[in-house]
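Engineer: This is the content of protein22.cif (mmCIF, C-alpha atoms):
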data_work
#
loop_
_atom_site.group_PDB
_atom_site.id
_atom_site.type_symbol
_atom_site.label_atom_id
_atom_site.label_comp_id
_atom_site.auth_asym_id
_atom_site.auth_seq_id
_atom_site.Cartn_x
_atom_site.Cartn_y
_atom_site.Cartn_z
ATOM 1 C CA MET A 1 -5.207 44.483 -30.590
ATOM 2 C CA LYS A 2 -4.003 42.358 -33.476
ATOM 3 C CA ARG A 3 -0.380 42.831 -32.368
ATOM 4 C CA MET A 4 -1.316 41.818 -28.789
ATOM 5 C CA LEU A 5 -3.001 38.612 -29.963
ATOM 6 C CA LEU A 6 0.007 37.730 -32.111
ATOM 7 C CA ALA A 7 2.322 38.314 -29.128
ATOM 8 C CA LEU A 8 0.239 36.049 -26.897
ATOM 9 C CA ALA A 9 0.197 33.341 -29.543
ATOM 10 C CA ALA A 10 3.944 33.567 -29.945
ATOM 11 C CA THR A 11 4.447 33.310 -26.189
ATOM 12 C CA SER A 12 2.299 30.165 -26.073
ATOM 13 C CA VAL A 13 4.287 28.585 -28.896
ATOM 14 C CA VAL A 14 7.599 29.370 -27.200
ATOM 15 C CA ALA A 15 6.363 27.934 -23.886
ATOM 16 C CA ALA A 16 5.076 24.788 -25.528
ATOM 17 C CA CYS A 17 8.398 24.311 -27.316
ATOM 18 C CA SER A 18 10.454 24.961 -24.186
ATOM 19 C CA PRO A 19 12.373 21.958 -22.787
ATOM 20 C CA GLY A 20 10.392 20.165 -20.118
ATOM 21 C CA TYR A 21 7.078 21.867 -20.874
ATOM 22 C CA ALA A 22 5.467 18.691 -22.176
ATOM 23 C CA HIS A 23 6.503 16.847 -19.031
ATOM 24 C CA ALA A 24 5.451 19.502 -16.518
ATOM 25 C CA LYS A 25 1.802 18.456 -16.333
ATOM 26 C CA PRO A 26 2.502 14.696 -15.953
ATOM 27 C CA LYS A 27 5.144 15.461 -13.330
ATOM 28 C CA ALA A 28 2.706 17.633 -11.391
ATOM 29 C CA ALA A 29 0.089 14.881 -11.537
ATOM 30 C CA ALA A 30 2.622 12.294 -10.359
ATOM 31 C CA ALA A 31 3.675 14.552 -7.486
ATOM 32 C CA ALA A 32 0.042 15.033 -6.464
ATOM 33 C CA ALA A 33 -0.570 11.281 -6.580
ATOM 34 C CA ALA A 34 2.549 10.645 -4.472
ATOM 35 C CA ALA A 35 1.429 13.261 -1.940
ATOM 36 C CA ALA A 36 -2.003 11.642 -1.721
ATOM 37 C CA GLN A 37 -0.358 8.250 -1.185
ATOM 38 C CA VAL A 38 1.782 9.628 1.639
ATOM 39 C CA ASP A 39 -1.304 11.228 3.155
ATOM 40 C CA ARG A 40 -3.184 7.899 3.135
ATOM 41 C CA SER A 41 -0.321 6.038 4.810
ATOM 42 C CA ALA A 42 0.301 8.812 7.358
ATOM 43 C CA ARG A 43 -3.276 9.138 8.643
ATOM 44 C CA CYS A 44 -3.761 7.980 12.216
ATOM 45 C CA ILE A 45 -5.339 4.528 12.461
ATOM 46 C CA THR A 46 -8.762 4.706 14.081
ATOM 47 C CA GLU A 47 -10.493 2.263 16.379
ATOM 48 C CA GLN A 48 -13.257 1.828 13.799
ATOM 49 C CA GLU A 49 -10.715 0.781 11.166
ATOM 50 C CA VAL A 50 -9.215 -1.810 13.513
ATOM 51 C CA ILE A 51 -12.640 -3.271 14.282
ATOM 52 C CA ALA A 52 -13.407 -3.462 10.551
ATOM 53 C CA ALA A 53 -10.045 -5.159 9.900
ATOM 54 C CA GLN A 54 -10.720 -7.696 12.646
ATOM 55 C CA LYS A 55 -14.133 -8.536 11.208
ATOM 56 C CA ALA A 56 -12.657 -8.958 7.711
ATOM 57 C CA TRP A 57 -9.843 -11.195 9.035
ATOM 58 C CA GLY A 58 -12.377 -13.454 10.777
ATOM 59 C CA GLU A 59 -14.489 -13.667 7.643
ATOM 60 C CA GLY A 60 -11.343 -14.590 5.719
ATOM 61 C CA ILE A 61 -10.623 -17.509 8.056
ATOM 62 C CA VAL A 62 -14.194 -18.758 7.611
ATOM 63 C CA LYS A 63 -13.864 -18.413 3.818
ATOM 64 C CA ILE A 64 -10.730 -20.594 3.752
ATOM 65 C CA GLY A 65 -12.668 -23.302 5.578
ATOM 66 C CA GLU A 66 -15.568 -23.007 3.150
ATOM 67 C CA VAL A 67 -13.239 -23.398 0.168
ATOM 68 C CA TYR A 68 -11.653 -26.444 1.822
ATOM 69 C CA THR A 69 -15.041 -28.033 2.543
ATOM 70 C CA SER A 70 -16.226 -27.510 -1.031
ATOM 71 C CA GLY A 71 -13.082 -29.124 -2.478
ATOM 72 C CA GLY A 72 -11.663 -25.864 -3.822
ATOM 73 C CA ASP A 73 -8.117 -24.483 -3.811
ATOM 74 C CA TYR A 74 -7.927 -23.642 -0.121
ATOM 75 C CA THR A 75 -4.168 -23.048 -0.303
ATOM 76 C CA ALA A 76 -4.753 -20.253 -2.805
ATOM 77 C CA ALA A 77 -7.520 -18.882 -0.583
ATOM 78 C CA ALA A 78 -5.133 -18.870 2.400
ATOM 79 C CA ALA A 79 -2.378 -17.199 0.358
ATOM 80 C CA GLU A 80 -4.839 -14.493 -0.681
ATOM 81 C CA HIS A 81 -5.834 -14.057 2.975
ATOM 82 C CA ILE A 82 -2.225 -13.596 4.072
ATOM 83 C CA ASN A 83 -1.451 -11.165 1.251
ATOM 84 C CA ARG A 84 -4.559 -9.148 2.060
ATOM 85 C CA TYR A 85 -4.229 -8.933 5.833
ATOM 86 C CA TYR A 86 -0.534 -9.359 6.730
ATOM 87 C CA ALA A 87 2.380 -7.039 5.966
ATOM 88 C CA TYR A 88 4.964 -9.635 4.875
ATOM 89 C CA ASP A 89 5.616 -7.546 1.750
ATOM 90 C CA LEU A 90 6.209 -4.379 3.783
ATOM 91 C CA SER A 91 7.799 -5.282 7.098
ATOM 92 C CA LEU A 92 8.938 -7.925 9.514
ATOM 93 C CA VAL A 93 5.784 -9.653 10.777
ATOM 94 C CA LEU A 94 5.856 -11.028 14.323
ATOM 95 C CA PHE A 95 3.365 -13.897 14.176
ATOM 96 C CA LYS A 96 3.060 -16.283 17.111
ATOM 97 C CA PRO A 97 0.104 -18.565 16.299
ATOM 98 C CA THR A 98 -1.947 -20.465 18.859
ATOM 99 C CA LEU A 99 -1.215 -24.067 17.879
ATOM 100 C CA ALA A 100 2.545 -23.917 17.355
ATOM 101 C CA SER A 101 4.988 -25.223 19.926
ATOM 102 C CA VAL A 102 8.043 -26.309 17.913
ATOM 103 C CA ALA A 103 8.332 -23.574 15.273
ATOM 104 C CA GLN A 104 6.545 -21.029 17.422
ATOM 105 C CA PHE A 105 7.246 -17.870 15.453
ATOM 106 C CA ARG A 106 6.144 -17.457 11.830
ATOM 107 C CA THR A 107 8.020 -14.481 10.417
ATOM 108 C CA SER A 108 7.790 -15.550 6.761
ATOM 109 C CA PHE A 109 4.911 -15.881 4.324
ATOM 110 C CA ASP A 110 5.548 -19.617 3.802
ATOM 111 C CA SER A 111 5.535 -20.370 7.518
ATOM 112 C CA ALA A 112 2.272 -18.467 7.985
ATOM 113 C CA LEU A 113 0.696 -20.284 5.044
ATOM 114 C CA SER A 114 1.745 -23.605 6.548
ATOM 115 C CA TYR A 115 0.076 -22.728 9.828
ATOM 116 C CA PHE A 116 -3.224 -21.925 8.166
ATOM 117 C CA VAL A 117 -3.429 -24.911 5.792
ATOM 118 C CA GLY A 118 -0.625 -27.360 6.680
ATOM 119 C CA GLY A 119 1.128 -29.494 4.080
ATOM 120 C CA ASN A 120 4.626 -28.054 4.491
ATOM 121 C CA ALA A 121 7.264 -30.629 5.474
ATOM 122 C CA SER A 122 9.307 -27.914 7.163
ATOM 123 C CA TYR A 123 6.492 -27.485 9.700
ATOM 124 C CA PRO A 124 5.254 -31.019 10.487
ATOM 125 C CA GLU A 125 3.281 -29.867 13.540
ATOM 126 C CA ASP A 126 0.899 -27.838 11.358
ATOM 127 C CA LYS A 127 -2.501 -29.445 10.774
ATOM 128 C CA GLY A 128 -4.058 -26.406 9.119
ATOM 129 C CA PHE A 129 -5.749 -24.062 11.592
ATOM 130 C CA ALA A 130 -8.063 -22.506 8.988
ATOM 131 C CA ILE A 131 -9.257 -25.818 7.560
ATOM 132 C CA LYS A 132 -10.683 -27.189 10.813
ATOM 133 C CA PRO A 133 -12.948 -25.539 9.538
ATOM 134 C CA TRP A 134 -14.479 -22.625 11.465
ATOM 135 C CA THR A 135 -17.869 -21.102 10.755
ATOM 136 C CA ASN A 136 -17.640 -17.914 12.829
ATOM 137 C CA VAL A 137 -15.101 -15.697 14.599
ATOM 138 C CA ARG A 138 -16.339 -13.395 17.363
ATOM 139 C CA TRP A 139 -14.134 -10.606 18.724
ATOM 140 C CA GLN A 140 -14.025 -9.165 22.231
ATOM 141 C CA ASN A 141 -11.532 -6.319 22.473
ATOM 142 C CA VAL A 142 -10.161 -5.401 25.878
ATOM 143 C CA GLY A 143 -8.735 -2.280 24.306
ATOM 144 C CA ILE A 144 -7.322 -0.688 21.158
ATOM 145 C CA THR A 145 -4.476 1.814 21.410
ATOM 146 C CA ASN A 146 -3.063 4.029 18.672
ATOM 147 C CA ASN A 147 -0.773 6.285 20.685
ATOM 148 C CA ALA A 148 1.884 6.068 17.954
ATOM 149 C CA CYS A 149 -0.718 7.197 15.370
ATOM 150 C CA ASN A 150 0.782 5.151 12.518
ATOM 151 C CA MET A 151 0.402 1.872 14.407
ATOM 152 C CA ALA A 152 -2.545 0.492 16.363
ATOM 153 C CA VAL A 153 -2.531 -2.417 18.802
ATOM 154 C CA ALA A 154 -5.589 -4.431 19.836
ATOM 155 C CA MET A 155 -5.794 -6.989 22.637
ATOM 156 C CA GLY A 156 -8.577 -9.254 23.800
ATOM 157 C CA ASN A 157 -10.260 -12.598 23.224
ATOM 158 C CA TYR A 158 -11.652 -14.062 20.055
ATOM 159 C CA PHE A 159 -14.008 -16.995 19.923
ATOM 160 C CA PHE A 160 -14.024 -19.572 17.128
ATOM 161 C CA THR A 161 -17.066 -21.677 16.288
ATOM 162 C CA ALA A 162 -16.261 -25.006 14.625
ATOM 163 C CA LYS A 163 -18.285 -26.539 11.827
ATOM 164 C CA GLY A 164 -20.989 -28.677 13.408
ATOM 165 C CA GLY A 165 -21.492 -26.274 16.304
ATOM 166 C CA GLY A 166 -20.587 -26.975 19.896
ATOM 167 C CA ALA A 167 -18.895 -24.675 22.364
ATOM 168 C CA GLU A 168 -16.794 -21.776 21.094
ATOM 169 C CA THR A 169 -13.004 -22.020 21.375
ATOM 170 C CA LYS A 170 -11.677 -19.053 23.332
ATOM 171 C CA VAL A 171 -8.269 -17.666 22.322
ATOM 172 C CA GLU A 172 -6.341 -14.651 23.602
ATOM 173 C CA TYR A 173 -4.824 -12.261 21.052
ATOM 174 C CA THR A 174 -2.685 -9.232 20.436
ATOM 175 C CA PHE A 175 -2.726 -7.694 16.955
ATOM 176 C CA GLY A 176 -0.579 -4.806 15.723
ATOM 177 C CA TYR A 177 -1.571 -2.899 12.570
ATOM 178 C CA ILE A 178 0.115 -0.457 10.225
ATOM 179 C CA ARG A 179 -1.244 1.239 7.114
ATOM 180 C CA ASP A 180 0.056 0.372 3.643
ATOM 181 C CA GLU A 181 0.505 2.842 0.762
ATOM 182 C CA GLN A 182 -3.090 2.296 -0.350
ATOM 183 C CA GLY A 183 -4.359 3.138 3.123
ATOM 184 C CA GLN A 184 -5.311 -0.444 4.028
ATOM 185 C CA LEU A 185 -4.493 -1.885 7.459
ATOM 186 C CA LYS A 186 -1.932 -4.686 7.513
ATOM 187 C CA ILE A 187 -0.930 -6.913 10.435
ATOM 188 C CA VAL A 188 2.660 -6.663 11.700
ATOM 189 C CA VAL A 189 2.098 -8.317 15.082
ATOM 190 C CA HIS A 190 -0.185 -11.303 15.724
ATOM 191 C CA GLN A 191 0.125 -13.260 18.945
ATOM 192 C CA SER A 192 -2.447 -15.865 19.977
ATOM 193 C CA SER A 193 -2.585 -18.234 22.912
ATOM 194 C CA VAL A 194 -5.078 -20.354 24.813
ATOM 195 C CA PRO A 195 -6.002 -19.024 28.280
ATOM 196 C CA TYR A 196 -4.026 -20.308 31.257
ATOM 197 C CA ALA A 197 -5.747 -23.380 32.634
ATOM 198 C CA GLY A 198 -4.070 -23.446 36.040
ATOM 199 C CA ALA A 199 -1.559 -25.867 37.544
#
Would it be possible to restate this file's structure as structure tokens?
Structural biologist:
Amino acid sequence: MKRMLLALAATSVVAACSPGYAHAKPKAAAAAAAAAQVDRSARCITEQEVIAAQKAWGEGIVKIGEVYTSGGDYTAAAAEHINRYYAYDLSLVLFKPTLASVAQFRTSFDSALSYFVGGNASYPEDKGFAIKPWTNVRWQNVGITNNACNMAVAMGNYFFTAKGGGAETKVEYTFGYIRDEQGQLKIVVHQSSVPYAGA
């Protein structure tokens, strides 16, 4: 018995002193973490997740307006909104905002920020959509499709309520979402337009 215990102890010492032994456990943990990250980003996007992302985006637009009204740093609030909800750090983002007719397509972070808060000389048409300000955003999805699994597309109307009340402003939209490495939905397509008013 004594000899067996000594043999087991010796084996443990040899294994612990073997090259790479000390790194095996951290490497295994890193591999598991990487696999979990891949799993989060590969999961099919659900309709419920899209609806939650839409609600959060609308609340973010309202928050920017609140910061503006209170005299806070609304540009920082808008930058945080873009970083949280758009995939400019991951992909090309196809953003066609409602109130843009000269520089219609905002494929960069700076151009999107200008649309939301204005103040960029490169985009003189921008008055700051998010600092109107709005007090509510109501969504009306026509449909949400996720046939590609790793991308979901939503289309419909959203309705913006301005500070001070009055009639809602109706806007048509198409949003495309992907999932980032943390499993959060990010916008890669955002097209908005006012409904056709007739000739």
Engineer: Would you place a box with edges along x, y and z of the file around all atoms of region 70-89 of chain A listed there, add 6 Å to each of its six sides, and report the centre and edge lengths in Å to one decimal, as AutoDock Vina command-line options?
Structural biologist:
--center_x -5.3 --center_y -18.1 --center_z 1.5 --size_x 33.8 --size_y 34.1 --size_z 22.6
Engineer: Calculated over only C-alpha atoms, which of the candidates A:Asn120, A:Gln184, A:Thr174, A:Ser114 has the smallest distance to Lys96 (chain A)?
Structural biologist: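 For Lys96 (chain A), the nearest of the given residues is A:Thr174.
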Engineer: Apply the PyMOL selection byres ((chain A and resi 132) around 8) to the displayed file and report the matching residues as a list in words.
Structural biologist: Gly65, Gly128, Phe129, Ala130, Ile131, Pro133, Trp134, Ala162 and Lys163 of chain A
Engineer: So how many Å separate CA of Phe160 (chain A) and CA of Asn147 (chain A), to one decimal?
Structural biologist: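 Straight-line distance from CA of Phe160 (chain A) to CA of Asn147 (chain A) works out to 29.3 Å.
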Engineer: Please list as a ChimeraX atom specification every residue within 12 Å of Phe105 (chain A), counting all atoms listed in the file and excluding residues in the same chain fewer than 3 positions away.
Structural biologist: /A:92-102,108-112,114-115,123,189-192
Engineer: Take CA of Ala199 (chain A) and CA of Ala103 (chain A) and report the distance between them in Å, one decimal.
Structural biologist: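 It comes out at 24.5 Å.
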Engineer: Once you count all atoms listed in the file, which residues end up no further than 12 Å from (-16.1, -16.9, 4.2) in the file's frame, shown as number ranges by chain?
Structural biologist: A: 55-70, 74, 77-78, 81, 130-131, 133-137
Engineer: Tell me, in Å to one decimal, how far CA of Phe159 (chain A) is from CA of Gln48 (chain A).
Structural biologist: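 Answer for the CA of Phe159 (chain A) to CA of Gln48 (chain A) separation: 19.8 Å.
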Engineer: Within 9 Å of (-3.9, -8.9, 22.8), in the coordinates the file gives, what residues turn up when you count only C-alpha atoms, written out as a list in words?
Structural biologist: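 Residues with an atom at most 9 Å from (-3.9, -8.9, 22.8): Asn141, Val142, Gly143, Val153, Ala154, Met155, Gly156, Asn157, Glu172, Tyr173, Thr174, Phe175, Gly176, His190, Gln191 and Ser192 of chain A.
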Engineer: Could you write out the selected residues, including C-alpha atoms, as a PDB file, keeping the file's coordinate frame?
Structural biologist:
ATOM      1  CA  ASN A 141     -11.532  -6.319  22.473  1.00  0.00           C
ATOM      2  CA  VAL A 142     -10.161  -5.401  25.878  1.00  0.00           C
ATOM      3  CA  GLY A 143      -8.735  -2.280  24.306  1.00  0.00           C
ATOM      4  CA  VAL A 153      -2.531  -2.417  18.802  1.00  0.00           C
ATOM      5  CA  ALA A 154      -5.589  -4.431  19.836  1.00  0.00           C
ATOM      6  CA  MET A 155      -5.794  -6.989  22.637  1.00  0.00           C
ATOM      7  CA  GLY A 156      -8.577  -9.254  23.800  1.00  0.00           C
ATOM      8  CA  ASN A 157     -10.260 -12.598  23.224  1.00  0.00           C
ATOM      9  CA  GLU A 172      -6.341 -14.651  23.602  1.00  0.00           C
ATOM     10  CA  TYR A 173      -4.824 -12.261  21.052  1.00  0.00           C
ATOM     11  CA  THR A 174      -2.685  -9.232  20.436  1.00  0.00           C
ATOM     12  CA  PHE A 175      -2.726  -7.694  16.955  1.00  0.00           C
ATOM     13  CA  GLY A 176      -0.579  -4.806  15.723  1.00  0.00           C
ATOM     14  CA  HIS A 190      -0.185 -11.303  15.724  1.00  0.00           C
ATOM     15  CA  GLN A 191       0.125 -13.260  18.945  1.00  0.00           C
ATOM     16  CA  SER A 192      -2.447 -15.865  19.977  1.00  0.00           C
TER      17      SER A 192
END
Engineer: Carefully work through the PyMOL selection byres ((chain A and resi 86) around 9) for this structure and note down the residues it includes, as a ChimeraX atom specification.
Structural biologist: /A:81-85,87-90,93,109,177,185-189
Engineer: Looking at only C-alpha atoms, which of A:Gln54, A:Lys127, A:Gly118, A:Gln104 is the one that sits closest to Tyr158 (chain A)?
Structural biologist: A:Gln54
Engineer: Given the file above and the PyMOL selection byres ((chain A and resi 45) around 8), which residues are selected, and can you give them as JSON, numbers by chain?
Structural biologist: {"A": [43, 44, 46, 47, 49, 50, 146, 149, 150, 151, 152, 178, 179]}
